[in-house]
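Structure file coords.csv with CSV, C-alpha atoms:
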chain,number,residue,atom,x,y,z
P,17,MET,CA,-20.7,-14.0,2.6
P,18,ARG,CA,-20.0,-11.7,5.5
P,19,ARG,CA,-19.1,-8.3,4.3
P,20,GLU,CA,-15.5,-7.2,5.0
P,21,LYS,CA,-15.2,-4.5,7.6
P,22,GLY,CA,-14.2,-1.0,6.3
P,23,ILE,CA,-10.8,0.6,6.9
P,24,LEU,CA,-10.3,3.4,9.3
P,25,ILE,CA,-8.1,5.9,7.5
P,26,VAL,CA,-6.3,8.4,9.7
P,27,LEU,CA,-4.7,11.4,8.0
P,28,SER,CA,-2.7,13.6,10.2
P,29,GLY,CA,0.4,15.8,10.2
P,30,PRO,CA,1.8,19.0,11.6
P,31,SER,CA,-0.4,22.1,11.8
P,32,GLY,CA,-0.2,24.1,8.6
P,33,VAL,CA,0.8,21.2,6.4
P,34,GLY,CA,-2.4,21.3,4.4
P,35,LYS,CA,-4.4,18.4,5.9
P,36,GLY,CA,-7.7,20.3,5.3
P,37,THR,CA,-6.9,21.2,1.7
P,38,VAL,CA,-5.9,17.6,0.9
P,39,ARG,CA,-9.0,16.2,2.5
P,40,LYS,CA,-11.3,18.6,0.6
P,41,GLU,CA,-9.6,17.7,-2.7
P,42,LEU,CA,-9.9,14.0,-2.0
P,43,PHE,CA,-13.6,14.4,-1.3
P,44,SER,CA,-14.2,16.5,-4.3
P,45,GLU,CA,-13.2,13.6,-6.6
P,46,PRO,CA,-16.2,11.8,-7.9
P,47,GLY,CA,-14.7,8.3,-7.4
P,48,THR,CA,-14.0,8.8,-3.7
P,49,ASN,CA,-15.9,6.2,-1.6
P,50,TYR,CA,-14.6,7.0,1.9
P,51,GLU,CA,-17.0,8.4,4.4
P,52,TYR,CA,-15.7,11.5,5.9
P,53,SER,CA,-15.8,11.7,9.7
P,54,ILE,CA,-16.5,15.2,10.6
P,55,SER,CA,-14.6,16.4,13.7
P,56,MET,CA,-15.9,18.3,16.6
P,57,THR,CA,-14.1,21.4,17.9
P,58,THR,CA,-14.5,24.2,20.4
P,59,ARG,CA,-12.6,26.7,18.3
P,60,LEU,CA,-14.4,29.4,16.5
P,61,PRO,CA,-15.3,28.9,12.8
P,62,ARG,CA,-12.8,30.5,10.4
P,63,GLU,CA,-14.2,32.5,7.5
P,64,GLY,CA,-16.2,30.3,5.2
P,65,GLU,CA,-16.3,27.3,7.6
P,66,VAL,CA,-19.7,25.8,8.0
P,67,ASP,CA,-21.0,23.9,11.1
P,68,GLY,CA,-21.7,20.2,10.2
P,69,ILE,CA,-19.6,20.4,7.1
P,70,ASP,CA,-16.1,21.5,8.1
P,71,TYR,CA,-16.5,20.7,11.8
P,72,PHE,CA,-19.2,20.3,14.4
P,73,PHE,CA,-18.6,23.5,16.4
P,74,LYS,CA,-19.4,22.9,20.1
P,75,LYS,CA,-19.3,24.8,23.4
P,76,LYS,CA,-16.5,23.8,25.7
P,77,GLU,CA,-18.9,22.4,28.3
P,78,ASP,CA,-20.7,20.3,25.8
P,79,PHE,CA,-17.4,18.9,24.5
P,80,GLU,CA,-16.3,18.0,28.0
P,81,GLU,CA,-19.6,16.2,28.6
P,82,LEU,CA,-18.9,13.9,25.6
P,83,ILE,CA,-15.4,13.2,26.8
P,84,GLU,CA,-16.9,12.1,30.2
P,85,GLN,CA,-19.4,9.8,28.4
P,86,GLY,CA,-16.5,8.2,26.5
P,87,ARG,CA,-18.2,9.1,23.2
P,88,LEU,CA,-15.1,10.4,21.4
P,89,LEU,CA,-12.7,8.1,19.6
P,90,GLU,CA,-10.0,10.7,20.3
P,91,TYR,CA,-9.7,14.2,21.4
P,92,ALA,CA,-7.0,16.7,21.8
P,93,ALA,CA,-6.5,20.1,23.4
P,94,TYR,CA,-4.6,22.2,20.9
P,95,VAL,CA,-3.7,25.9,21.2
P,96,GLY,CA,-6.4,26.3,23.8
P,97,ASN,CA,-9.2,24.4,22.0
P,98,TYR,CA,-10.6,20.9,21.9
P,99,TYR,CA,-10.7,18.8,18.7
P,100,GLY,CA,-12.3,15.3,18.7
P,101,THR,CA,-14.0,12.5,16.8
P,102,PRO,CA,-17.5,11.2,17.7
P,103,ILE,CA,-17.1,7.4,18.1
P,104,ASP,CA,-20.6,6.0,17.1
P,105,TYR,CA,-20.6,7.2,13.5
P,106,VAL,CA,-17.2,5.7,13.0
P,107,ASN,CA,-18.1,2.3,14.2
P,108,GLU,CA,-21.4,2.1,12.4
P,109,THR,CA,-19.8,3.0,9.1
P,110,LEU,CA,-16.9,0.6,9.4
P,111,ASN,CA,-19.3,-2.2,10.3
P,112,SER,CA,-21.4,-1.5,7.2
P,113,GLY,CA,-18.2,-2.2,5.1
P,114,ARG,CA,-17.4,1.4,4.2
P,115,ASP,CA,-14.0,3.1,4.9
P,116,VAL,CA,-14.0,6.1,7.2
P,117,PHE,CA,-11.6,8.9,6.7
P,118,LEU,CA,-10.4,10.9,9.7
P,119,GLU,CA,-8.4,14.1,9.3
P,120,ILE,CA,-7.1,15.0,12.8
P,121,GLU,CA,-4.4,16.6,14.8
P,122,VAL,CA,-1.2,14.6,15.7
P,123,GLN,CA,-2.1,14.4,19.4
P,124,GLY,CA,-5.5,12.8,18.5
P,125,ALA,CA,-3.9,10.4,16.1
P,126,ALA,CA,-1.7,9.0,18.9
P,127,LEU,CA,-4.9,8.3,20.9
P,128,VAL,CA,-6.6,6.5,17.9
P,129,ARG,CA,-3.4,4.4,17.5
P,130,GLU,CA,-4.0,3.1,21.0
P,131,LYS,CA,-7.8,2.5,20.6
P,132,ALA,CA,-7.8,1.3,16.9
P,133,PRO,CA,-4.4,-0.3,16.2
P,134,ASN,CA,-5.7,-1.8,12.9
P,135,ALA,CA,-6.4,1.7,11.5
P,136,LEU,CA,-4.3,3.0,8.6
P,137,PHE,CA,-2.1,5.9,9.7
P,138,ILE,CA,-1.0,8.4,7.1
P,139,PHE,CA,1.3,11.3,8.0
P,140,LEU,CA,1.1,14.3,5.7
P,141,ALA,CA,4.5,15.9,5.7
P,142,PRO,CA,5.8,19.3,4.5
P,143,PRO,CA,8.4,19.4,1.7
P,144,SER,CA,10.6,21.3,4.2
P,145,LEU,CA,10.4,23.0,7.6
P,146,SER,CA,10.9,26.5,6.1
P,147,GLU,CA,8.0,25.9,3.7
P,148,LEU,CA,5.8,24.8,6.7
P,149,GLU,CA,6.7,28.1,8.4
P,150,GLN,CA,5.7,30.1,5.3
P,151,ARG,CA,2.4,28.3,5.2
P,152,LEU,CA,1.7,29.1,8.9
P,153,ILE,CA,2.5,32.8,8.3
P,154,GLY,CA,0.7,32.9,5.0
P,155,ARG,CA,-2.6,31.8,6.4
P,156,GLY,CA,-2.7,35.3,7.9
P,157,THR,CA,-5.3,34.5,10.5
P,158,GLU,CA,-3.1,34.3,13.6
P,159,THR,CA,-0.9,36.6,15.7
P,160,GLU,CA,2.9,36.2,15.7
P,161,ASP,CA,2.9,34.5,19.1
P,162,VAL,CA,0.4,32.0,17.9
P,163,ILE,CA,2.5,31.4,14.7
P,164,ASN,CA,5.6,30.8,16.8
P,165,SER,CA,3.9,28.4,19.1
P,166,ARG,CA,2.6,26.5,16.1
P,167,ILE,CA,6.0,26.3,14.6
P,168,GLN,CA,7.4,24.8,17.8
P,169,ALA,CA,4.4,22.4,17.9
P,170,ALA,CA,5.0,21.5,14.3
P,171,ARG,CA,8.6,20.4,15.0
P,172,GLN,CA,7.4,18.2,17.8
P,173,GLU,CA,4.6,16.8,15.6
P,174,LEU,CA,7.1,15.9,12.9
P,175,GLU,CA,8.9,13.8,15.5
P,176,MET,CA,5.7,11.8,15.9
P,177,MET,CA,6.1,10.4,12.4
P,178,HIS,CA,7.4,7.1,13.8
P,179,LEU,CA,3.8,6.3,14.9
P,180,TYR,CA,2.5,6.2,11.4
P,181,ASP,CA,2.4,3.5,8.7
P,182,TYR,CA,2.8,5.8,5.7
P,183,VAL,CA,4.3,9.3,5.0
P,184,VAL,CA,2.9,11.4,2.1
P,185,GLU,CA,4.7,14.5,1.2
P,186,ASN,CA,2.4,17.4,0.4
P,187,ASP,CA,4.4,19.0,-2.3
P,188,GLU,CA,1.4,19.2,-4.7
P,189,VAL,CA,-2.2,18.6,-3.5
P,190,ALA,CA,-3.2,16.4,-6.5
P,191,LYS,CA,-0.1,14.2,-6.1
P,192,ALA,CA,-0.6,13.8,-2.4
P,193,CYS,CA,-4.3,12.8,-3.0
P,194,GLY,CA,-3.1,10.2,-5.6
P,195,LYS,CA,-0.7,8.7,-3.1
P,196,ILE,CA,-3.4,8.5,-0.4
P,197,ASN,CA,-5.8,6.8,-2.7
P,198,ALA,CA,-3.1,4.3,-3.7
P,199,ILE,CA,-2.3,3.6,0.0
P,200,VAL,CA,-6.0,2.9,0.7
P,201,ALA,CA,-6.3,0.7,-2.5
P,202,ALA,CA,-3.2,-1.2,-1.5
P,203,GLU,CA,-4.5,-1.7,2.1
P,204,HIS,CA,-7.6,-3.4,0.7
P,205,CYS,CA,-5.3,-5.9,-1.0
P,206,ARG,CA,-3.3,-6.8,2.1
P,207,ARG,CA,-3.1,-10.5,2.5
P,208,GLU,CA,-4.4,-10.5,6.1
P,209,ARG,CA,-7.6,-8.9,4.9
P,210,VAL,CA,-8.5,-11.2,2.0
P,211,GLU,CA,-6.8,-14.5,2.9
P,212,LYS,CA,-9.9,-16.0,4.7
P,213,ARG,CA,-12.1,-15.6,1.6
P,214,TYR,CA,-9.6,-17.7,-0.4
P,215,LEU,CA,-9.1,-20.3,2.2
P,216,ALA,CA,-12.9,-20.7,2.3
P,217,MET,CA,-12.9,-21.1,-1.5
P,218,LEU,CA,-10.3,-23.8,-1.4
P,219,GLU,CA,-12.4,-25.7,1.2
P,220,GLY,CA,-15.7,-25.3,-0.6
P,221,GLU,CA,-14.4,-26.5,-3.9
P,222,VAL,CA,-12.5,-29.8,-3.1
G,30,MET,CA,21.6,13.0,-0.8
G,31,ARG,CA,22.0,9.3,-1.2
G,32,ARG,CA,19.5,7.9,-3.6
G,33,GLU,CA,16.8,5.6,-2.1
G,34,LYS,CA,17.2,2.0,-3.1
G,35,GLY,CA,14.6,0.6,-5.5
G,36,ILE,CA,11.9,-1.9,-4.5
G,37,LEU,CA,12.0,-5.5,-5.6
G,38,ILE,CA,8.5,-6.3,-6.7
G,39,VAL,CA,7.6,-10.0,-6.9
G,40,LEU,CA,4.4,-11.0,-8.7
G,41,SER,CA,3.5,-14.6,-8.5
G,42,GLY,CA,0.5,-16.9,-8.2
G,43,PRO,CA,-0.8,-20.3,-9.4
G,44,SER,CA,-0.1,-21.5,-12.9
G,45,GLY,CA,-2.8,-20.3,-15.3
G,46,VAL,CA,-3.8,-17.3,-13.2
G,47,GLY,CA,-2.6,-14.9,-15.9
G,48,LYS,CA,0.7,-13.6,-14.4
G,49,GLY,CA,2.2,-13.1,-17.9
G,50,THR,CA,-0.9,-11.3,-19.3
G,51,VAL,CA,-0.9,-8.9,-16.3
G,52,ARG,CA,2.8,-8.3,-16.5
G,53,LYS,CA,2.6,-7.5,-20.2
G,54,GLU,CA,-0.3,-5.1,-19.7
G,55,LEU,CA,1.6,-3.4,-16.8
G,56,PHE,CA,4.6,-2.9,-19.1
G,57,SER,CA,2.6,-1.7,-22.0
G,58,GLU,CA,1.5,1.4,-20.0
G,59,PRO,CA,3.5,4.5,-20.8
G,60,GLY,CA,3.8,5.6,-17.1
G,61,THR,CA,5.4,2.3,-15.9
G,62,ASN,CA,8.8,2.8,-14.4
G,63,TYR,CA,9.6,-0.6,-13.2
G,64,GLU,CA,12.4,-2.5,-14.7
G,65,TYR,CA,11.3,-5.9,-15.8
G,66,SER,CA,13.6,-8.8,-14.8
G,67,ILE,CA,13.4,-11.3,-17.6
G,68,SER,CA,13.4,-14.9,-16.3
G,69,MET,CA,15.4,-17.8,-17.6
G,70,THR,CA,13.8,-21.1,-18.5
G,71,THR,CA,14.6,-24.4,-20.0
G,72,ARG,CA,11.1,-25.0,-21.4
G,73,LEU,CA,10.5,-24.6,-25.1
G,74,PRO,CA,9.1,-21.2,-26.3
G,75,ARG,CA,5.4,-21.2,-26.8
G,76,GLU,CA,4.0,-19.7,-30.1
G,77,GLY,CA,4.9,-16.0,-30.2
G,78,GLU,CA,7.4,-16.1,-27.4
G,79,VAL,CA,10.7,-14.4,-28.1
G,80,ASP,CA,14.1,-15.2,-26.5
G,81,GLY,CA,15.3,-12.2,-24.5
G,82,ILE,CA,11.9,-10.6,-24.3
G,83,ASP,CA,9.5,-13.2,-22.8
G,84,TYR,CA,12.2,-15.4,-21.3
G,85,PHE,CA,15.9,-16.2,-21.8
G,86,PHE,CA,15.5,-19.7,-23.2
G,87,LYS,CA,18.4,-21.9,-22.0
G,88,LYS,CA,19.6,-25.4,-22.3
G,89,LYS,CA,19.3,-27.5,-19.2
G,90,GLU,CA,23.1,-27.9,-18.7
G,91,ASP,CA,23.7,-24.1,-19.0
G,92,PHE,CA,21.0,-23.5,-16.5
G,93,GLU,CA,22.5,-25.9,-14.0
G,94,GLU,CA,25.9,-24.3,-14.4
G,95,LEU,CA,24.3,-20.9,-13.4
G,96,ILE,CA,22.8,-22.6,-10.3
G,97,GLU,CA,26.1,-24.0,-9.3
G,98,GLN,CA,27.7,-20.6,-9.7
G,99,GLY,CA,25.0,-19.0,-7.4
G,100,ARG,CA,24.1,-16.6,-10.1
G,101,LEU,CA,20.3,-17.0,-9.7
G,102,LEU,CA,18.2,-15.1,-7.2
G,103,GLU,CA,15.8,-18.0,-7.3
G,104,TYR,CA,15.0,-20.9,-9.5
G,105,ALA,CA,12.4,-23.7,-9.5
G,106,ALA,CA,11.8,-26.9,-11.3
G,107,TYR,CA,8.2,-27.0,-12.5
G,108,VAL,CA,6.5,-29.6,-14.7
G,109,GLY,CA,10.0,-30.9,-15.7
G,110,ASN,CA,11.6,-27.5,-16.6
G,111,TYR,CA,13.7,-24.9,-14.8
G,112,TYR,CA,12.7,-21.3,-14.3
G,113,GLY,CA,15.0,-18.7,-12.6
G,114,THR,CA,16.1,-15.1,-12.1
G,115,PRO,CA,19.6,-13.9,-12.9
G,116,ILE,CA,20.8,-12.1,-9.8
G,117,ASP,CA,23.3,-9.5,-11.1
G,118,TYR,CA,20.8,-7.5,-13.1
G,119,VAL,CA,18.4,-7.3,-10.2
G,120,ASN,CA,21.0,-6.0,-7.7
G,121,GLU,CA,22.4,-3.4,-10.1
G,122,THR,CA,19.0,-2.0,-10.9
G,123,LEU,CA,17.9,-1.8,-7.3
G,124,ASN,CA,21.1,0.0,-6.3
G,125,SER,CA,20.6,2.5,-9.0
G,126,GLY,CA,17.3,3.4,-7.4
G,127,ARG,CA,14.9,1.8,-9.8
G,128,ASP,CA,12.3,-0.8,-9.0
G,129,VAL,CA,12.6,-4.3,-10.4
G,130,PHE,CA,9.6,-6.3,-11.3
G,131,LEU,CA,9.8,-10.1,-11.1
G,132,GLU,CA,7.0,-12.3,-12.5
G,133,ILE,CA,7.8,-15.8,-11.2
G,134,GLU,CA,6.4,-19.2,-10.2
G,135,VAL,CA,5.3,-19.7,-6.6
G,136,GLN,CA,8.2,-22.1,-5.8
G,137,GLY,CA,10.7,-19.4,-6.8
G,138,ALA,CA,8.9,-16.7,-4.9
G,139,ALA,CA,9.4,-18.7,-1.7
G,140,LEU,CA,13.2,-18.7,-2.3
G,141,VAL,CA,13.2,-14.9,-3.0
G,142,ARG,CA,11.3,-14.4,0.3
G,143,GLU,CA,14.3,-16.1,2.1
G,144,LYS,CA,17.0,-14.2,0.2
G,145,ALA,CA,15.3,-10.8,-0.1
G,146,PRO,CA,12.9,-10.4,2.9
G,147,ASN,CA,12.4,-6.7,2.1
G,148,ALA,CA,10.9,-7.4,-1.3
G,149,LEU,CA,7.3,-6.7,-2.0
G,150,PHE,CA,5.4,-9.9,-2.5
G,151,ILE,CA,2.1,-9.8,-4.5
G,152,PHE,CA,0.0,-12.9,-5.1
G,153,LEU,CA,-2.1,-12.9,-8.2
G,154,ALA,CA,-5.2,-15.0,-7.3
G,155,PRO,CA,-8.0,-16.4,-9.5
G,156,PRO,CA,-11.6,-15.3,-8.9
G,157,SER,CA,-12.4,-19.0,-8.3
G,158,LEU,CA,-10.8,-22.4,-8.5
G,159,SER,CA,-13.2,-23.5,-11.3
G,160,GLU,CA,-12.2,-20.4,-13.4
G,161,LEU,CA,-8.6,-21.3,-12.9
G,162,GLU,CA,-9.3,-24.8,-14.2
G,163,GLN,CA,-11.1,-23.3,-17.3
G,164,ARG,CA,-8.1,-21.2,-18.0
G,165,LEU,CA,-5.7,-24.1,-17.8
G,166,ILE,CA,-7.8,-26.1,-20.2
G,167,GLY,CA,-8.6,-23.1,-22.4
G,168,ARG,CA,-4.9,-22.4,-23.1
G,169,GLY,CA,-5.1,-25.6,-25.3
G,170,THR,CA,-1.4,-26.1,-25.4
G,171,GLU,CA,-1.1,-29.0,-23.0
G,172,THR,CA,-2.3,-32.7,-22.7
G,173,GLU,CA,-5.0,-33.7,-20.1
G,174,ASP,CA,-2.4,-35.2,-17.8
G,175,VAL,CA,-0.4,-32.0,-17.8
G,176,ILE,CA,-3.6,-30.0,-17.1
G,177,ASN,CA,-4.5,-32.3,-14.2
G,178,SER,CA,-1.1,-32.0,-12.7
G,179,ARG,CA,-1.2,-28.3,-13.1
G,180,ILE,CA,-4.6,-28.1,-11.3
G,181,GLN,CA,-3.1,-30.1,-8.4
G,182,ALA,CA,-0.1,-27.8,-8.3
G,183,ALA,CA,-2.4,-24.7,-8.5
G,184,ARG,CA,-4.3,-25.9,-5.4
G,185,GLN,CA,-1.0,-26.3,-3.5
G,186,GLU,CA,0.2,-22.9,-4.8
G,187,LEU,CA,-3.0,-21.2,-3.5
G,188,GLU,CA,-2.0,-22.4,-0.1
G,189,MET,CA,1.3,-20.5,-0.4
G,190,MET,CA,-0.7,-17.3,-0.2
G,191,HIS,CA,0.3,-16.8,3.4
G,192,LEU,CA,3.9,-16.0,2.4
G,193,TYR,CA,2.8,-12.9,0.5
G,194,ASP,CA,2.2,-9.3,1.6
G,195,TYR,CA,-0.7,-8.6,-0.8
G,196,VAL,CA,-3.3,-10.5,-2.8
G,197,VAL,CA,-4.6,-9.1,-6.1
G,198,GLU,CA,-7.6,-10.9,-7.7
G,199,ASN,CA,-7.2,-11.2,-11.4
G,200,ASP,CA,-10.9,-10.7,-12.3
G,201,GLU,CA,-10.0,-8.1,-15.0
G,202,VAL,CA,-6.5,-7.4,-16.2
G,203,ALA,CA,-6.8,-3.6,-16.1
G,204,LYS,CA,-8.2,-3.7,-12.6
G,205,ALA,CA,-5.4,-6.0,-11.4
G,206,CYS,CA,-2.8,-3.7,-13.0
G,207,GLY,CA,-4.3,-0.7,-11.2
G,208,LYS,CA,-4.1,-2.5,-7.9
G,209,ILE,CA,-0.5,-3.6,-8.4
G,210,ASN,CA,0.5,0.0,-9.3
G,211,ALA,CA,-1.3,1.3,-6.2
G,212,ILE,CA,0.5,-1.3,-4.0
G,213,VAL,CA,3.9,-0.2,-5.4
G,214,ALA,CA,3.0,3.5,-5.0
G,215,ALA,CA,2.0,2.9,-1.4
G,216,GLU,CA,5.1,0.9,-0.7
G,217,HIS,CA,7.2,4.0,-1.7
G,218,CYS,CA,5.3,6.0,1.0
G,219,ARG,CA,5.9,3.5,3.8
G,220,ARG,CA,7.2,5.3,6.8
G,221,GLU,CA,10.3,3.1,7.2
G,222,ARG,CA,11.4,4.0,3.7
G,223,VAL,CA,11.2,7.8,4.0
G,224,GLU,CA,11.6,8.6,7.7
G,225,LYS,CA,15.3,9.0,7.6
G,226,ARG,CA,15.1,11.8,5.1
G,227,TYR,CA,12.7,13.8,7.4
G,228,LEU,CA,14.8,13.2,10.5
G,229,ALA,CA,17.8,14.6,8.6
G,230,MET,CA,15.7,17.6,7.6
G,231,LEU,CA,14.8,18.3,11.2
G,232,GLU,CA,18.4,18.2,12.3
G,233,GLY,CA,19.6,20.3,9.4
G,234,GLU,CA,17.2,23.1,10.1
G,235,VAL,CA,17.4,23.7,13.8
Would you mind writing the file out in structure tokens?
Amino acid sequence: MRREKGILIVLSGPSGVGKGTVRKELFSEPGTNYEYSISMTTRLPREGEVDGIDYFFKKKEDFEELIEQGRLLEYAAYVGNYYGTPIDYVNETLNSGRDVFLEIEVQGAALVREKAPNALFIFLAPPSLSELEQRLIGRGTETEDVINSRIQAARQELEMMHLYDYVVENDEVAKACGKINAIVAAEHCRRERVEKRYLAMLEGEV
Amino acid sequence: MRREKGILIVLSGPSGVGKGTVRKELFSEPGTNYEYSISMTTRLPREGEVDGIDYFFKKKEDFEELIEQGRLLEYAAYVGNYYGTPIDYVNETLNSGRDVFLEIEVQGAALVREKAPNALFIFLAPPSLSELEQRLIGRGTETEDVINSRIQAARQELEMMHLYDYVVENDEVAKACGKINAIVAAEHCRRERVEKRYLAMLEGEV
């Protein structure tokens, strides 16, 4: 029997909502069987971030060469830096039947929506706007100007929610992870995905 | 804030697939917060079945009176008996914000699909047709003629799968329950359900 193709899971949401924290928690669980697609970026590593684990950190000119070659599933310029997803790894993994998990910025997710309409789009949302502002300030790694521009961006990003299939509130990381896992499990049961197998069974056993 | 309406969850599938077993297991779990909508039937109770718990057992003439009064969300005649769902309880529970769980025959589910298109339709499927036949025989409560007519009905019922949103294979009861719970949890995160709350938040916090 032909193996069912994997699901491309796209987790996105406004800057500061905790996408990275949720993704790390998801992948620290022993039962997780998604493949994580590591993003590329031209921004500098934050403290503790490791090249090839948190991101592939690239020079701007190298990133732009990959864009020209069409080898990114999506990319976005955000607060002066590029972020993107290498396309080959994603396709190979989906074809082998495994799910691929992307954690990307909202701009990039809109591009994936165009290129991969069958992907599963999950929007990670803050419990409130004021809490989101506190998180952006609390990170303590950016200047006030950067924080203000991020808050404006976050408002615009919240308005992109309508492009998504699901919305998960990040009130508690463990709860958010549970919901994301449930959404993926449910998606594997969608009738359109499994129907063919049953129709074949009916025909084979007349 | 206005309370979000509950979800009407419809579990159905071919006769003998184990709908009742799965439903009982779901409702034996302490965390389950669906309200079970008890069906009405004119068939005689099987050993161990209790009126008002497994079904409301009704006389044929009483059932037909409820049909005439339009007080059933759905009903079906199946192997010479009526099965149906009282409508008032379902609507009251949904309006109070709780989810309602219906476990019904395939004929009835098609009627609910017409009357309640926003309900969540889950098809419980056998691992194979031959296993379904074994289950129908193994139950040991019916004559050979009844078993054969059920097998024919089951084949037709499998072909109704295209009316459903999700398909859950009942290979193991615990696994099937886990998938059903995941599907309901995911449904509560569907963007269409929660979006309004976030748009209100954005407007309230300008």
List every residue of chain P that has an atom at most 8 Å from any atom of chain G, and for each one report the closest atom pair and its distance in Å to one decimal, counting all atoms listed in the file, with rows sorted by chain and then by increasing residue number, as JSON lines.
{"residue": "P:Ser144", "atom": "CA", "partner": "G:Met230", "partner_atom": "CA", "distance": 7.2}
{"residue": "P:Leu145", "atom": "CA", "partner": "G:Glu234", "partner_atom": "CA", "distance": 7.2}
{"residue": "P:Arg171", "atom": "CA", "partner": "G:Leu231", "partner_atom": "CA", "distance": 7.6}
{"residue": "P:Glu175", "atom": "CA", "partner": "G:Leu228", "partner_atom": "CA", "distance": 7.8}
{"residue": "P:Met177", "atom": "CA", "partner": "G:Glu224", "partner_atom": "CA", "distance": 7.5}
{"residue": "P:His178", "atom": "CA", "partner": "G:Arg220", "partner_atom": "CA", "distance": 7.2}
{"residue": "P:Tyr180", "atom": "CA", "partner": "G:Arg220", "partner_atom": "CA", "distance": 6.6}
{"residue": "P:Asp181", "atom": "CA", "partner": "G:Arg220", "partner_atom": "CA", "distance": 5.5}
{"residue": "P:Tyr182", "atom": "CA", "partner": "G:Arg219", "partner_atom": "CA", "distance": 4.3}
{"residue": "P:Val183", "atom": "CA", "partner": "G:Arg220", "partner_atom": "CA", "distance": 5.3}
{"residue": "P:Val184", "atom": "CA", "partner": "G:Cys218", "partner_atom": "CA", "distance": 6.0}
{"residue": "P:Lys195", "atom": "CA", "partner": "G:Ala215", "partner_atom": "CA", "distance": 6.6}
{"residue": "P:Ile196", "atom": "CA", "partner": "G:Ala215", "partner_atom": "CA", "distance": 7.8}
{"residue": "P:Asn197", "atom": "CA", "partner": "G:Ala211", "partner_atom": "CA", "distance": 7.9}
{"residue": "P:Ala198", "atom": "CA", "partner": "G:Ala211", "partner_atom": "CA", "distance": 4.3}
{"residue": "P:Ile199", "atom": "CA", "partner": "G:Ala215", "partner_atom": "CA", "distance": 4.6}
{"residue": "P:Ala201", "atom": "CA", "partner": "G:Ala211", "partner_atom": "CA", "distance": 6.2}
{"residue": "P:Ala202", "atom": "CA", "partner": "G:Ile212", "partner_atom": "CA", "distance": 4.5}
{"residue": "P:Glu203", "atom": "CA", "partner": "G:Ile212", "partner_atom": "CA", "distance": 7.9}
{"residue": "P:Cys205", "atom": "CA", "partner": "G:Val196", "partner_atom": "CA", "distance": 5.3}
{"residue": "P:Arg206", "atom": "CA", "partner": "G:Tyr195", "partner_atom": "CA", "distance": 4.3}
{"residue": "P:Arg207", "atom": "CA", "partner": "G:Tyr195", "partner_atom": "CA", "distance": 4.5}
{"residue": "P:Val210", "atom": "CA", "partner": "G:Val196", "partner_atom": "CA", "distance": 7.1}
{"residue": "P:Glu211", "atom": "CA", "partner": "G:Met190", "partner_atom": "CA", "distance": 7.4}
{"residue": "P:Leu215", "atom": "CA", "partner": "G:Glu188", "partner_atom": "CA", "distance": 7.8}
{"residue": "P:Met217", "atom": "CA", "partner": "G:Ser157", "partner_atom": "CA", "distance": 7.1}
{"residue": "P:Leu218", "atom": "CA", "partner": "G:Leu158", "partner_atom": "CA", "distance": 7.3}
{"residue": "P:Glu221", "atom": "CA", "partner": "G:Leu158", "partner_atom": "CA", "distance": 7.1}
Using all atoms listed in the file, determine which residues lie at most 8 Å from range 32-43 of chain G, disregarding the query and same-chain residues fewer than 4 positions distant; provide the list as a PyMOL selection string. chain G and resi 48+122-135+138+147-154+182-184+186-187+213
How many Å separate CA of Ala92 in chain P from CA of Ser53 in chain P? 15.8 Å
What are the centre and edge lengths in Å, to one decimal, of the axis-aligned box around all listed atoms of range 87-90 of chain P with 6 Å added on each side, as JSON?
{"center_x": -14.1, "center_y": 9.4, "center_z": 21.4, "size_x": 20.2, "size_y": 14.6, "size_z": 15.6}
Residues at most 9 Å from Thr101 in chain P, counting only C-alpha atoms, excluding those fewer than 4 positions away in the same chain, as a PyMOL selection string? chain P and resi 53-57+87-91+106+118+120+124
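Taking CA of Ala192 in chain P and CA of Ala203 in chain G as the two end points, the separation is 23.0 Å.
In this model, the gap between CA of Asp78 in chain P and CA of Tyr50 in chain P comes to 28.0 Å.
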Shell around Val189 in chain P at 8 Å using all atoms listed in the file, local window under 2 positions removed, as a PyMOL selection string: chain P and resi 37-38+41+186-187+191-193
Output of the above residues as a short mmCIF file (atom, residue, chain, number, x, y, z; two decimals), in the frame of the given file, restricted to C-alpha atoms:
data_model
loop_
_atom_site.label_atom_id
_atom_site.label_comp_id
_atom_site.auth_asym_id
_atom_site.auth_seq_id
_atom_site.Cartn_x
_atom_site.Cartn_y
_atom_site.Cartn_z
CA THR P 37 -6.90 21.20 1.70
CA VAL P 38 -5.90 17.60 0.90
CA GLU P 41 -9.60 17.70 -2.70
CA ASN P 186 2.40 17.40 0.40
CA ASP P 187 4.40 19.00 -2.30
CA LYS P 191 -0.10 14.20 -6.10
CA ALA P 192 -0.60 13.80 -2.40
CA CYS P 193 -4.30 12.80 -3.00
#
Would you list the contacts of range 72-82 of chain G as a PDB file with C-alpha atoms, keeping the file's coordinate frame, taking every protein, DNA or RNA residue within 10 Å and counting only C-alpha atoms, but skipping same-chain residues closer than 5 positions in sequence?
ATOM      1  CA  TYR G  65      11.300  -5.900 -15.800  1.00  0.00           C
ATOM      2  CA  SER G  66      13.600  -8.800 -14.800  1.00  0.00           C
ATOM      3  CA  ILE G  67      13.400 -11.300 -17.600  1.00  0.00           C
ATOM      4  CA  LYS G  87      18.400 -21.900 -22.000  1.00  0.00           C
ATOM      5  CA  LYS G  88      19.600 -25.400 -22.300  1.00  0.00           C
ATOM      6  CA  LYS G  89      19.300 -27.500 -19.200  1.00  0.00           C
ATOM      7  CA  TYR G 107       8.200 -27.000 -12.500  1.00  0.00           C
ATOM      8  CA  VAL G 108       6.500 -29.600 -14.700  1.00  0.00           C
ATOM      9  CA  GLY G 109      10.000 -30.900 -15.700  1.00  0.00           C
ATOM     10  CA  ASN G 110      11.600 -27.500 -16.600  1.00  0.00           C
ATOM     11  CA  TYR G 111      13.700 -24.900 -14.800  1.00  0.00           C
ATOM     12  CA  TYR G 112      12.700 -21.300 -14.300  1.00  0.00           C
ATOM     13  CA  THR G 170      -1.400 -26.100 -25.400  1.00  0.00           C
TER      14      THR G 170
END
